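Asker: Compact mmCIF, C-alpha atoms, saved as data03.txt, coming up:
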```txt
# COMPACT_ATOMS: atom_id res chain seq x y z
CA MET A 1 0.00 0.00 0.00
CA ARG A 2 2.79 2.45 0.86
CA ILE A 3 4.79 1.75 -2.31
CA LYS A 4 1.67 2.24 -4.42
CA ASN A 5 1.06 5.67 -2.84
CA ILE A 6 4.68 6.70 -3.32
CA LEU A 7 4.57 5.67 -7.00
CA ILE A 8 1.37 7.65 -7.53
CA ILE A 9 2.94 10.78 -5.98
CA ILE A 10 6.07 10.40 -8.11
CA PHE A 11 3.94 9.93 -11.23
CA ILE A 12 1.94 13.10 -10.44
CA ILE A 13 5.12 15.15 -9.88
CA VAL A 14 6.68 13.92 -13.14
CA GLY A 15 3.43 14.63 -15.01
CA LEU A 16 3.23 18.18 -13.67
CA TYR A 17 6.84 18.81 -14.64
CA ILE A 18 6.21 17.63 -18.21
CA VAL A 19 3.04 19.70 -18.59
CA LEU A 20 4.65 22.87 -17.24
CA ASP A 21 7.77 22.33 -19.35
CA PHE A 22 5.82 22.02 -22.62
CA ARG A 23 3.64 25.07 -21.91
CA ASP A 24 6.46 27.37 -23.07
CA HIS A 25 7.03 25.21 -26.13
CA ASN A 26 3.40 25.58 -27.21
CA SER A 27 3.40 29.35 -26.82
CA GLN A 28 6.64 29.58 -28.79
CA ARG A 29 5.08 27.55 -31.61
CA ALA A 30 2.05 29.86 -31.59
CA ILE A 31 4.32 32.92 -31.85
CA ASP A 32 6.26 31.33 -34.72
CA ALA A 33 3.02 30.56 -36.57
CA CYS A 34 1.79 34.12 -36.04
CA VAL A 35 5.06 35.53 -37.39
CA ALA A 36 4.82 33.28 -40.45
CA GLY A 37 1.23 34.38 -41.01
CA SER A 38 2.11 38.04 -40.72
CA GLN A 39 4.51 37.68 -43.64
CA LYS A 40 1.54 36.80 -45.89
CA LEU A 41 -0.24 40.08 -45.20
CA GLU A 42 -0.66 42.74 -47.87
CA LYS A 43 1.69 45.01 -45.92
CA PRO A 44 4.18 42.60 -44.31
CA MET A 45 6.02 43.57 -41.12
CA THR A 46 9.64 42.94 -40.37
CA ILE A 47 10.33 39.79 -38.40
CA GLU A 48 11.12 41.75 -35.22
CA GLU A 49 7.93 43.83 -35.48
CA ALA A 50 5.84 40.74 -36.13
CA LYS A 51 7.42 38.86 -33.20
CA GLU A 52 6.71 41.71 -30.76
CA PHE A 53 3.15 42.11 -32.08
CA CYS A 54 2.46 38.38 -31.81
CA LYS A 55 3.97 38.10 -28.31
CA LYS A 56 1.74 40.91 -27.07
CA LYS A 57 -1.41 39.46 -28.63
CA ILE A 58 -0.79 35.88 -27.51
CA LEU A 59 0.28 36.77 -23.97
CA LEU A 60 -2.72 39.09 -23.52
CA LYS A 61 -5.06 36.35 -24.75
CA ASN A 62 -3.65 33.86 -22.23
CA LYS A 63 -4.23 36.12 -19.23
```
Can you present the structure in this file as structure tokens?

Answerer:
Amino acid sequence: MRIKNILIIIFIIVGLYIVLDFRDHNSQRAIDACVAGSQKLEKPMTIEEAKEFCKKKILLKNK
């Protein structure tokens, strides 16, 4: 019974670490997709302008 509880706690801790670690990866992919999409606009932005614009929009949406 004790070993089972310890394994469950370890599994939960490892799962939380993986989820929190990939959260940044997903937001970075969203920013990259936004930057790529901004290049297809009629009046394209520079990469730096697009990255700042996308970071602001995505981070505000997540709050």

Asker: Could you tell me how far CA of Ala30 (chain A) sits from CA of Lys57 (chain A), in Å to one decimal place?

Answerer: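 One can read the CA of Lys57 (chain A) to CA of Ala30 (chain A) distance as 10.6 Å.
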
Asker: Quick one: of A:Lys4, A:Val14, A:Ile9, A:Ser27, who's nearest to Lys61 (chain A), counting all atoms listed in the file?

Answerer: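 With all atoms listed in the file as the atom set, the closest residue is A:Ser27.
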
Asker: What is the CA of Asp32 (chain A) to CA of Pro44 (chain A) distance in Å?

Answerer: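 Here the two named atoms are 14.9 Å from each other.
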
Asker: Between CA of Ile31 (chain A) and CA of Lys56 (chain A), what is the distance in Å, rounded to a tenth?

Answerer: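 Straight-line distance from CA of Ile31 (chain A) to CA of Lys56 (chain A) works out to 9.7 Å.
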
Asker: Can you pull out the residues contacting Gln39 (chain A)? Cut-off 12 Å, using only C-alpha atoms, and skip same-chain residues under 5 positions away; I want them as a PyMOL selection string.

Answerer: chain A and resi 32-34+44-51

Asker: For Val35 (chain A), which of A:Leu7, A:Ile58, A:Ile13, A:Val19 is the closest residue, counting only C-alpha atoms?

Answerer: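 Selected residue with least distance to Val35 (chain A): A:Ile58.
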
Asker: When distances are computed from only C-alpha atoms, which of A:Cys54, A:Ile3, A:Leu59, A:Ile10 shows the smallest separation from Asp24 (chain A)?

Answerer: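 Nearest to Asp24 (chain A): A:Leu59.
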
Asker: Missing atoms in region 9-41 of chain A: fill them in up to N, CA and C atoms and send the result as a short mmCIF file (atom, residue, chain, number, x, y, z; two decimals), in the coordinates of the input.

Answerer:
```cif
data_model
loop_
_atom_site.label_atom_id
_atom_site.label_comp_id
_atom_site.auth_asym_id
_atom_site.auth_seq_id
_atom_site.Cartn_x
_atom_site.Cartn_y
_atom_site.Cartn_z
N ILE A 9 2.43 9.42 -6.23
CA ILE A 9 2.94 10.78 -5.98
C ILE A 9 4.06 11.11 -6.95
N ILE A 10 4.98 10.17 -7.17
CA ILE A 10 6.07 10.40 -8.11
C ILE A 10 5.52 10.60 -9.52
N PHE A 11 4.55 9.80 -9.91
CA PHE A 11 3.94 9.93 -11.23
C PHE A 11 3.28 11.30 -11.40
N ILE A 12 2.59 11.78 -10.38
CA ILE A 12 1.94 13.10 -10.44
C ILE A 12 2.99 14.20 -10.57
N ILE A 13 4.07 14.13 -9.82
CA ILE A 13 5.12 15.15 -9.88
C ILE A 13 5.77 15.16 -11.26
N VAL A 14 6.07 14.00 -11.81
CA VAL A 14 6.68 13.92 -13.14
C VAL A 14 5.71 14.47 -14.19
N GLY A 15 4.43 14.13 -14.07
CA GLY A 15 3.43 14.63 -15.01
C GLY A 15 3.31 16.14 -14.97
N LEU A 16 3.30 16.73 -13.79
CA LEU A 16 3.23 18.18 -13.67
C LEU A 16 4.46 18.84 -14.27
N TYR A 17 5.61 18.25 -14.06
CA TYR A 17 6.84 18.81 -14.64
C TYR A 17 6.76 18.82 -16.16
N ILE A 18 6.30 17.72 -16.74
CA ILE A 18 6.21 17.63 -18.21
C ILE A 18 5.21 18.64 -18.75
N VAL A 19 4.06 18.76 -18.12
CA VAL A 19 3.04 19.70 -18.59
C VAL A 19 3.55 21.14 -18.50
N LEU A 20 4.16 21.50 -17.41
CA LEU A 20 4.65 22.87 -17.24
C LEU A 20 5.84 23.16 -18.16
N ASP A 21 6.63 22.15 -18.46
CA ASP A 21 7.77 22.33 -19.35
C ASP A 21 7.32 22.56 -20.79
N PHE A 22 6.29 21.88 -21.24
CA PHE A 22 5.82 22.02 -22.62
C PHE A 22 4.92 23.23 -22.82
N ARG A 23 4.50 23.88 -21.77
CA ARG A 23 3.64 25.07 -21.91
C ARG A 23 4.39 26.16 -22.67
N ASP A 24 5.65 26.36 -22.37
CA ASP A 24 6.46 27.37 -23.07
C ASP A 24 6.67 26.96 -24.53
N HIS A 25 6.84 25.69 -24.77
CA HIS A 25 7.03 25.21 -26.13
C HIS A 25 5.80 25.51 -26.99
N ASN A 26 4.62 25.31 -26.45
CA ASN A 26 3.40 25.58 -27.21
C ASN A 26 3.23 27.06 -27.51
N SER A 27 3.53 27.91 -26.55
CA SER A 27 3.40 29.35 -26.82
C SER A 27 4.43 29.82 -27.83
N GLN A 28 5.61 29.23 -27.81
CA GLN A 28 6.64 29.58 -28.79
C GLN A 28 6.21 29.15 -30.19
N ARG A 29 5.58 28.00 -30.30
CA ARG A 29 5.08 27.55 -31.61
C ARG A 29 3.97 28.47 -32.10
N ALA A 30 3.12 28.95 -31.20
CA ALA A 30 2.05 29.86 -31.59
C ALA A 30 2.63 31.19 -32.09
N ILE A 31 3.66 31.67 -31.43
CA ILE A 31 4.32 32.92 -31.85
C ILE A 31 4.97 32.74 -33.22
N ASP A 32 5.63 31.60 -33.42
CA ASP A 32 6.26 31.33 -34.72
C ASP A 32 5.22 31.26 -35.84
N ALA A 33 4.08 30.64 -35.57
CA ALA A 33 3.02 30.56 -36.57
C ALA A 33 2.45 31.94 -36.87
N CYS A 34 2.31 32.76 -35.86
CA CYS A 34 1.79 34.12 -36.04
C CYS A 34 2.77 34.94 -36.88
N VAL A 35 4.04 34.80 -36.61
CA VAL A 35 5.06 35.53 -37.39
C VAL A 35 5.01 35.09 -38.85
N ALA A 36 4.89 33.79 -39.08
CA ALA A 36 4.82 33.28 -40.45
C ALA A 36 3.56 33.80 -41.15
N GLY A 37 2.46 33.87 -40.43
CA GLY A 37 1.23 34.38 -41.01
C GLY A 37 1.30 35.86 -41.31
N SER A 38 2.01 36.60 -40.51
CA SER A 38 2.11 38.04 -40.72
C SER A 38 2.91 38.37 -41.98
N GLN A 39 3.74 37.46 -42.42
CA GLN A 39 4.51 37.68 -43.64
C GLN A 39 3.63 37.56 -44.89
N LYS A 40 2.44 36.97 -44.75
CA LYS A 40 1.54 36.80 -45.89
C LYS A 40 0.56 37.96 -46.02
N LEU A 41 0.65 38.93 -45.14
CA LEU A 41 -0.24 40.08 -45.20
C LEU A 41 0.09 40.97 -46.39
#
```
